[in-house]
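Q: Below: one structure in structure tokens.
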Amino acid sequence: MSDDAPLPKAYAPAEVEPRLYDWWESSGFFHAEPDDPGEPFCICIPLPNVTGSLHLGHALNHSIQDALIRWARMRGRNALWQPGTDHAGIATQNVVEKQLAGEGLARHDLGRERFLERVWQWKEESGGLITNQMRRLGTSCDWEREAFTLDDARSRAVREVFVSLYEDGLIYRGHRLINWCPRCATALSDIEVDHEETEGELAYLRYPAAGGGEGVVVATTRAETMLGDTAVAVHPDDERFVDLVGSTVVLPLLDRELPVIVDEAVDPAFGTGAVKVTPAHDPNDYEIGQRHDLESVDVMTDAATISEAGGPYAGLDRYEARRRVKADLDAQGLLVKVEPHTHALGLCSRCETVVEPRLSEQWFVAVRPLAERAIAAVRDGRTRFVPERNAKGFLDWLENLHDWCISRQLWWGHRIPVWYDRDGSEHARREDPDPAEVEAEGLTQDPDVLDTWFSSALWPFSTQGWPDDTPALRTWYPGEVLVTAYDINTFWVSRMLMMGLRFMHDVPFHAVLNHGLVRDKHGKKMSKSFGNVIDPLDLIDHYGADALRFALLRAAVPGQDVPMAEEWVEGARRFANKLWNAARFVLMQTGPVPHGDPADLPEPAPLEDRWILSRLEAARATADQAYAEYDLARASRALYHFVWDEYCDWYLELAKLRDDEGARRVLTYVLDSALRLLHPIMPFVTEEIWQALHEPAPGVSLMRADWVAAAPERRDHRAEAEFGALHEVVTALRRFRADHGLAPSARITVGVVAEGGHREVIAGGLDGIRRLAGVGEWRFVDAAGQVDGPLGKIPLDLAELLVPLAGLIDLDEERARLTKALHDARVELERAERKLANEGFVAKAPPDVVDAERAKADKWRTTAETLETQLAALE
RNA sequence: GGGCGCUUAGCUCAGCUGGCGAGAGCGCUGCGCUUACAACGCAGAGGCCGCAGGUUCGAGUCCUGCAGCGCCCACCA
């Protein structure tokens, strides 16, 4: 036994965490090799943006993965947590462009090459930020394998995939309707467009008949697109327009003749039942245009101003053009009416600019054949979702997938590996053509880059050396589980599945764990405009990484959003401190013990030993099952409850009574086991304690220690039942003491009426009960009559406890106290009842006031009854 | 217009395949510095488990309907 407390009185994460992390990382504990022993277990991190910084969403996502990877490692799996960052095309380019704007420059002022140099420079400066922030959280990624979506190895994989899909006809260039962000000046895929319900208006425009008749009235929310109209469509069955079909109407302002056609896509119930058709600027109209071989007139420029095709409106901003078109039509008496109309506006998910549907020449992935295989893989369970219900939405989405627009009119990203020769023919190349060839053939490379998600789709295999057949690839593909918030399923999970199945002929992971989004304490989304954003680094500074991790994980029920507030983290920190102090106590009893097999546990053991070992086994079983189901919330709660409510509150207190080797061994063994079980969730405090608990052994870390083996034979339901009985006796006596205001120093005498077996159990636990309940003298009696004087009776399931009150309390004083209290209660009750009996009060007072009065009456009535009972018991 | 989730103590949430005599954290009340921890301990108050039916020996848990809240998806111009 050591004389001094071996650990500081309070756990100090700020000192411990950086020290341990450096030690872990420099010792190579995070690193894995393909030929390391154990069944492979790989998690690919959802790559954070290289220029991003850590927010609570990352903290949740990373805490879950770190818990799982540490758990797998301790269970002897060859566990790799593959880290890396994403070049985040639009996001990063926007950041740098904003910087340039501050200098009064646009990217075109620099030119492509110098602009890219500038972005790389920014990446070098700020790219390490987030990975260092991740280290603060304790993430045990294999940093030696860190990858970047735009580094050479990943670029090679991108090239290979692009050319291969191109050769198979699954990547093609086409002139099609896409989403255009005028601010970013690039095409977007469908899922990069957010839809927001917006109050707008529906304008009714009259297109006169070519022969001078009334013509037709159409409705639109975007009047300026009429400049690009090439037809008017009605439903084939709509009798209102029978006479018009086949005729022509005149497009006002531009005096263009438009055919009136029929198409099933027209909803006769909407607007006037007649639709203006603008194939170049509306997805529906585009389809109609395809079916009827209509001309497409693109009236928009890249900047969303009206193009030359808009005649007199050319050069106007789209909104100004909308106003002018309506005004001009109105002047001609052709604006029939304008009514309010709410509809979903498409916004650029990066900059919230209103997206313009637009006909454009872009590159696409023909997703259908790829999606079919992904659908099959999810259907037959090769990749399963946790929670399972999330598979449905995912499948629905895949089944209705449109081709994926992958070209972006940006500079930051993987440039499309296609060259055009003098004739305009396309050549997709795995290698850049040499300068001589470029010269000879007049080759020019496609200027566009690929959607960021194209490269991240390859992540599970591009990180392991593909397209080469490497040991790492053979070992860690497919991964075990992909951990991500549900909002990334379409962006990323779907594409990894499609690409993995196409190029690796196997799913990239066996499971997708969907966690929720981190919200504030009232379930609101965290956002700068609400002012409710919490910075995870602040929380780590104040409470420690373990506290933040525990607070997140204890709420991380699969699929459910996670509310977060500083006070929850504070609570988690207290738990770390509790564990710390329990360890201090154990160390005071035992001093450090050797590493290796746990000392033999005593046999036969006292009840409390059998009980705590049984509870440990129960906690271990729950934790194991929860970890295996990726339910860190359940694991966290089970271990918290075990450590605090069972080990600390009961076992430790009982161990204080003893001074024997058996107790010391159990104390140490159970603590050691709890540290192992908790380590994946709270790696720092458990490691720090574990080091102190054991004799120094260089290079030995809890994070590489063995997991707690199942020991079902330790489960002892009889011990648990018996201990439960003692627990009940102690609790009942404590309640009795509290009710009677007995000082802690006051020893009470207790008579026990109990039968055979119960009597034995209670007798066996006497010492513990004495200590925990402050009992002085005890005796077993057959009936209440055998104890003299006024009695407090405590009925329990297995016994009746009798506490003589004489001498314990001054009976006269107690009687006086109770009498006065009873009097006060009756006065209050009477007052409340009188008030409630007054009809005026009940009828006219605000309902909540009346309710409050009723509640008061009930409370005083109950109090009076209790006091009466207690008084009667004194006689 | 579809799909999904949520509705349990003042607040935020657990409650897995039906057994609950309904839990946790925070908050609240009372007592206590008992030498691991006052960043603590002990005790307590507080719940028609959204509403209405149904299945069952038994329902917070399963089924049906309804209501409120939230999210996702969708080309109604």
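Chains: A, B, ... in order of the structure tokens. Residues: from 1 per chain. Ligands: from 1, in order shown.
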Residues at most 12 Å from B:G58, counting only C-alpha atoms (C1' of nucleotides), excluding those fewer than 6 positions away in the same chain, as a short mmCIF file (atom, residue, chain, number, x, y, z; two decimals) with N, CA, C and O atoms (P, O5', C5', C4', C3', O3' and C1' of nucleotides), in the first residue's frame?

A:
```
data_model
loop_
_atom_site.label_atom_id
_atom_site.label_comp_id
_atom_site.auth_asym_id
_atom_site.auth_seq_id
_atom_site.Cartn_x
_atom_site.Cartn_y
_atom_site.Cartn_z
P G B 18 -42.29 -9.41 -28.34
"O5'" G B 18 -41.85 -8.01 -27.69
"C5'" G B 18 -41.38 -7.88 -26.39
"C4'" G B 18 -42.49 -7.39 -25.46
"C3'" G B 18 -42.72 -8.36 -24.30
"O3'" G B 18 -41.73 -8.21 -23.27
"C1'" G B 18 -44.81 -7.59 -25.21
P G B 19 -41.57 -7.00 -22.23
"O5'" G B 19 -42.63 -7.43 -21.14
"C5'" G B 19 -43.21 -6.43 -20.32
"C4'" G B 19 -43.61 -7.03 -19.00
"C3'" G B 19 -42.40 -7.56 -18.23
"O3'" G B 19 -42.13 -6.57 -17.25
"C1'" G B 19 -44.18 -9.18 -18.36
P C B 20 -40.83 -6.47 -16.36
"O5'" C B 20 -41.15 -5.34 -15.30
"C5'" C B 20 -42.23 -5.33 -14.38
"C4'" C B 20 -43.19 -4.19 -14.65
"C3'" C B 20 -44.14 -4.48 -15.81
"O3'" C B 20 -45.45 -4.82 -15.40
"C1'" C B 20 -43.09 -2.32 -16.03
#
```

Q: Excluding B:G10 and any residue of its chain fewer than 5 positions from it, enumerate the residues within 9 Å of it, using only C-alpha atoms (C1' of nucleotides), and give them as a list in words.

A: G27, C28 and G46 of chain B

Q: Keeping N, CA and C atoms (P, O5', C5', C4', C3', O3' and C1' of nucleotides) for every residue in the selection just given, could you write it to a file as a PDB file, in the first residue's frame?

A:
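Okay, this is what ended up in part-v6.pdb:
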```pdb
ATOM      1  P     G B  27     -28.106  19.902 -12.135  1.00  0.00           P
ATOM      2  O5'   G B  27     -29.606  20.423 -12.201  1.00  0.00           O
ATOM      3  C5'   G B  27     -29.928  21.594 -12.942  1.00  0.00           C
ATOM      4  C4'   G B  27     -31.414  21.844 -12.881  1.00  0.00           C
ATOM      5  C3'   G B  27     -32.005  21.883 -11.480  1.00  0.00           C
ATOM      6  O3'   G B  27     -31.826  23.145 -10.871  1.00  0.00           O
ATOM      7  C1'   G B  27     -33.356  20.526 -12.863  1.00  0.00           C
ATOM      8  P     C B  28     -31.625  23.196  -9.288  1.00  0.00           P
ATOM      9  O5'   C B  28     -33.053  22.714  -8.738  1.00  0.00           O
ATOM     10  C5'   C B  28     -34.225  23.452  -9.053  1.00  0.00           C
ATOM     11  C4'   C B  28     -35.427  22.788  -8.419  1.00  0.00           C
ATOM     12  C3'   C B  28     -35.270  22.427  -6.951  1.00  0.00           C
ATOM     13  O3'   C B  28     -35.488  23.548  -6.111  1.00  0.00           O
ATOM     14  C1'   C B  28     -36.204  20.589  -8.104  1.00  0.00           C
ATOM     15  P     G B  46     -45.505  12.768  -5.958  1.00  0.00           P
ATOM     16  O5'   G B  46     -45.115  13.377  -7.381  1.00  0.00           O
ATOM     17  C5'   G B  46     -45.483  14.710  -7.726  1.00  0.00           C
ATOM     18  C4'   G B  46     -44.780  15.102  -8.989  1.00  0.00           C
ATOM     19  C3'   G B  46     -45.034  14.157 -10.168  1.00  0.00           C
ATOM     20  O3'   G B  46     -46.206  14.532 -10.857  1.00  0.00           O
ATOM     21  C1'   G B  46     -42.712  14.579  -9.966  1.00  0.00           C
TER      22        G B  46
END
```

Q: Would you list the contacts of A:Ala583 as a PyMOL selection string, taking every protein, DNA or RNA residue within 8 Å and counting only C-alpha atoms (C1' of nucleotides), but skipping same-chain residues closer than 3 positions in sequence?

A: (chain A and resi 579-580+586-587+671+689+693) or (chain B and resi 36)

Q: Applying 6 Å and only C-alpha atoms (C1' of nucleotides), which residues near stretch 771-788 of chain A remain after dropping the ones on its own chain fewer than 4 positions away? List them as JSON, numbers by chain.

A: {"A": [730, 734, 747, 748, 749, 750, 751, 752, 753]}

Q: Would you mind exporting all heavy atoms of the selected residues as a PDB file, in the first residue's frame?

A:
```
ATOM      1  N   VAL A 730     -31.266  -2.065   3.224  1.00  0.00           N
ATOM      2  CA  VAL A 730     -30.469  -0.853   3.443  1.00  0.00           C
ATOM      3  C   VAL A 730     -31.252   0.390   2.998  1.00  0.00           C
ATOM      4  O   VAL A 730     -31.341   1.384   3.718  1.00  0.00           O
ATOM      5  CB  VAL A 730     -29.130  -0.940   2.676  1.00  0.00           C
ATOM      6  CG1 VAL A 730     -28.421   0.417   2.672  1.00  0.00           C
ATOM      7  CG2 VAL A 730     -28.246  -2.008   3.304  1.00  0.00           C
ATOM      8  N   ARG A 734     -32.484   3.485   5.298  1.00  0.00           N
ATOM      9  CA  ARG A 734     -32.027   4.855   5.017  1.00  0.00           C
ATOM     10  C   ARG A 734     -33.221   5.800   4.864  1.00  0.00           C
ATOM     11  O   ARG A 734     -33.199   6.931   5.330  1.00  0.00           O
ATOM     12  CB  ARG A 734     -31.222   4.874   3.720  1.00  0.00           C
ATOM     13  CG  ARG A 734     -29.803   4.362   3.852  1.00  0.00           C
ATOM     14  CD  ARG A 734     -29.235   4.226   2.463  1.00  0.00           C
ATOM     15  NE  ARG A 734     -27.822   3.936   2.463  1.00  0.00           N
ATOM     16  CZ  ARG A 734     -27.145   3.603   1.363  1.00  0.00           C
ATOM     17  NH1 ARG A 734     -27.779   3.515   0.204  1.00  0.00           N
ATOM     18  NH2 ARG A 734     -25.864   3.364   1.418  1.00  0.00           N
ATOM     19  N   ARG A 747     -27.004   5.672  15.903  1.00  0.00           N
ATOM     20  CA  ARG A 747     -27.144   4.250  15.564  1.00  0.00           C
ATOM     21  C   ARG A 747     -28.556   3.833  15.937  1.00  0.00           C
ATOM     22  O   ARG A 747     -29.056   4.181  16.998  1.00  0.00           O
ATOM     23  CB  ARG A 747     -26.164   3.403  16.378  1.00  0.00           C
ATOM     24  CG  ARG A 747     -24.678   3.700  16.162  1.00  0.00           C
ATOM     25  CD  ARG A 747     -24.204   3.197  14.829  1.00  0.00           C
ATOM     26  NE  ARG A 747     -24.590   4.139  13.774  1.00  0.00           N
ATOM     27  CZ  ARG A 747     -23.754   4.685  12.921  1.00  0.00           C
ATOM     28  NH1 ARG A 747     -22.489   4.390  12.958  1.00  0.00           N
ATOM     29  NH2 ARG A 747     -24.173   5.522  12.010  1.00  0.00           N
ATOM     30  N   ILE A 748     -29.188   3.090  15.080  1.00  0.00           N
ATOM     31  CA  ILE A 748     -30.523   2.644  15.434  1.00  0.00           C
ATOM     32  C   ILE A 748     -30.512   1.149  15.722  1.00  0.00           C
ATOM     33  O   ILE A 748     -29.616   0.428  15.297  1.00  0.00           O
ATOM     34  CB  ILE A 748     -31.545   2.947  14.315  1.00  0.00           C
ATOM     35  CG1 ILE A 748     -31.092   2.322  12.991  1.00  0.00           C
ATOM     36  CG2 ILE A 748     -31.749   4.436  14.161  1.00  0.00           C
ATOM     37  CD1 ILE A 748     -32.120   2.477  11.896  1.00  0.00           C
ATOM     38  N   THR A 749     -31.517   0.754  16.476  1.00  0.00           N
ATOM     39  CA  THR A 749     -31.681  -0.651  16.791  1.00  0.00           C
ATOM     40  C   THR A 749     -32.795  -1.189  15.912  1.00  0.00           C
ATOM     41  O   THR A 749     -33.797  -0.513  15.711  1.00  0.00           O
ATOM     42  CB  THR A 749     -32.098  -0.812  18.264  1.00  0.00           C
ATOM     43  OG1 THR A 749     -31.068  -0.238  19.063  1.00  0.00           O
ATOM     44  CG2 THR A 749     -32.278  -2.269  18.618  1.00  0.00           C
ATOM     45  N   VAL A 750     -32.567  -2.371  15.380  1.00  0.00           N
ATOM     46  CA  VAL A 750     -33.556  -2.904  14.456  1.00  0.00           C
ATOM     47  C   VAL A 750     -33.938  -4.325  14.824  1.00  0.00           C
ATOM     48  O   VAL A 750     -33.071  -5.158  15.083  1.00  0.00           O
ATOM     49  CB  VAL A 750     -33.024  -2.894  13.006  1.00  0.00           C
ATOM     50  CG1 VAL A 750     -34.047  -3.485  12.051  1.00  0.00           C
ATOM     51  CG2 VAL A 750     -32.645  -1.481  12.597  1.00  0.00           C
ATOM     52  N   GLY A 751     -35.221  -4.543  14.894  1.00  0.00           N
ATOM     53  CA  GLY A 751     -35.708  -5.906  15.062  1.00  0.00           C
ATOM     54  C   GLY A 751     -36.142  -6.413  13.688  1.00  0.00           C
ATOM     55  O   GLY A 751     -36.709  -5.677  12.903  1.00  0.00           O
ATOM     56  N   VAL A 752     -35.873  -7.654  13.401  1.00  0.00           N
ATOM     57  CA  VAL A 752     -36.198  -8.199  12.102  1.00  0.00           C
ATOM     58  C   VAL A 752     -37.111  -9.388  12.234  1.00  0.00           C
ATOM     59  O   VAL A 752     -36.806 -10.319  12.995  1.00  0.00           O
ATOM     60  CB  VAL A 752     -34.933  -8.638  11.335  1.00  0.00           C
ATOM     61  CG1 VAL A 752     -35.301  -9.113   9.932  1.00  0.00           C
ATOM     62  CG2 VAL A 752     -33.916  -7.519  11.288  1.00  0.00           C
ATOM     63  N   VAL A 753     -38.233  -9.318  11.558  1.00  0.00           N
ATOM     64  CA  VAL A 753     -39.114 -10.483  11.513  1.00  0.00           C
ATOM     65  C   VAL A 753     -38.938 -11.091  10.118  1.00  0.00           C
ATOM     66  O   VAL A 753     -39.277 -10.465   9.117  1.00  0.00           O
ATOM     67  CB  VAL A 753     -40.588 -10.073  11.695  1.00  0.00           C
ATOM     68  CG1 VAL A 753     -41.477 -11.319  11.744  1.00  0.00           C
ATOM     69  CG2 VAL A 753     -40.744  -9.234  12.959  1.00  0.00           C
TER      70      VAL A 753
END
```

Q: Enumerate as number ranges by chain the residues belonging to chain B that approach chain A to within 12 Å, with only C-alpha atoms (C1' of nucleotides) taken into account.

A: B: 2-6, 11-16, 23-27, 30-32, 34-37, 39-45, 69-77

Q: Could you check how far atom CA of A:Ala857 sits from atom C1' of B:A9, in Å to one decimal?

A: 21.2 Å

Q: Give me, as number ranges by chain, all polymer residues having an atom no more than 6 Å from stretch 64-75 of chain A, counting only C-alpha atoms (C1' of nucleotides) and skipping those fewer than 5 positions away in the same chain.

A: A: 139, 680-681, 704-707

Q: Got time to write the residues from that selection, C-alpha atoms, as a tab-separated table (two decimals), in the first residue's frame?

A:
```tsv
chain	number	residue	atom	x	y	z
A	139	THR	CA	-9.27	9.55	-33.08
A	680	PRO	CA	-13.40	2.57	-26.81
A	681	ILE	CA	-15.76	5.23	-25.52
A	704	ARG	CA	-3.85	-2.72	-27.45
A	705	ALA	CA	-4.94	-4.78	-24.45
A	706	ASP	CA	-7.26	-7.77	-24.73
A	707	TRP	CA	-10.98	-7.33	-24.60
```

Q: Which parts of stretch 5-245 of chain A does DSSP call strand (DSSP E or B) when run on the backbone here, written out as a ChimeraX atom specification?

A: /A:40-44,49,78-82,84-86,147-148,171-181,186-188,193-207,209,216-220,231-234

Q: Which neighbours of B:U8 fall inside 9 Å, counting only C-alpha atoms (C1' of nucleotides), when residues of the same chain fewer than 2 positions from it are skipped, and could you give them as a list in words?

A: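 Contacts, with the query itself left out: A22, G47, C49 and G60 of chain B.
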
Q: When you look at stretch 532-540 of chain A with a cut-off of 8 Å (counting only C-alpha atoms (C1' of nucleotides)), what residues show up, excluding the ones that are within fewer than 2 positions of it in the same chain? I need them as JSON, numbers by chain.

A: {"A": [54, 55, 56, 59, 133, 136, 137, 520, 526, 527, 528, 530, 542, 543, 544, 545, 547, 548, 565, 566, 569]}

Q: Would you work out the distance separating atom CA of A:His414 from atom CA of A:Lys123, expressed in Å to one decimal?

A: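 We find that atom CA of A:His414 and atom CA of A:Lys123 lie 15.4 Å from each other.
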
Q: Got a sec to tell me which of stretch 205-266 of chain A DSSP assigns to helix (DSSP H, G or I), as a VMD selection string?

A: chain A and resid 223 to 228 239 to 241

Q: If you measure from atom CA of A:Ala511 to atom CA of A:Phe385, what distance in Å do you get, rounded to one decimal?

A: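 Interatomic distance, atom CA of A:Ala511 to atom CA of A:Phe385: 5.7 Å.
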
Q: Given only C-alpha atoms as the basis, pick out the residue of A:Ala864, A:Val481, A:Ala153, A:Ala88 nearest to A:Pro467.

A: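 Looking only at the distances to A:Pro467, the closest residue turns out to be A:Ala153.
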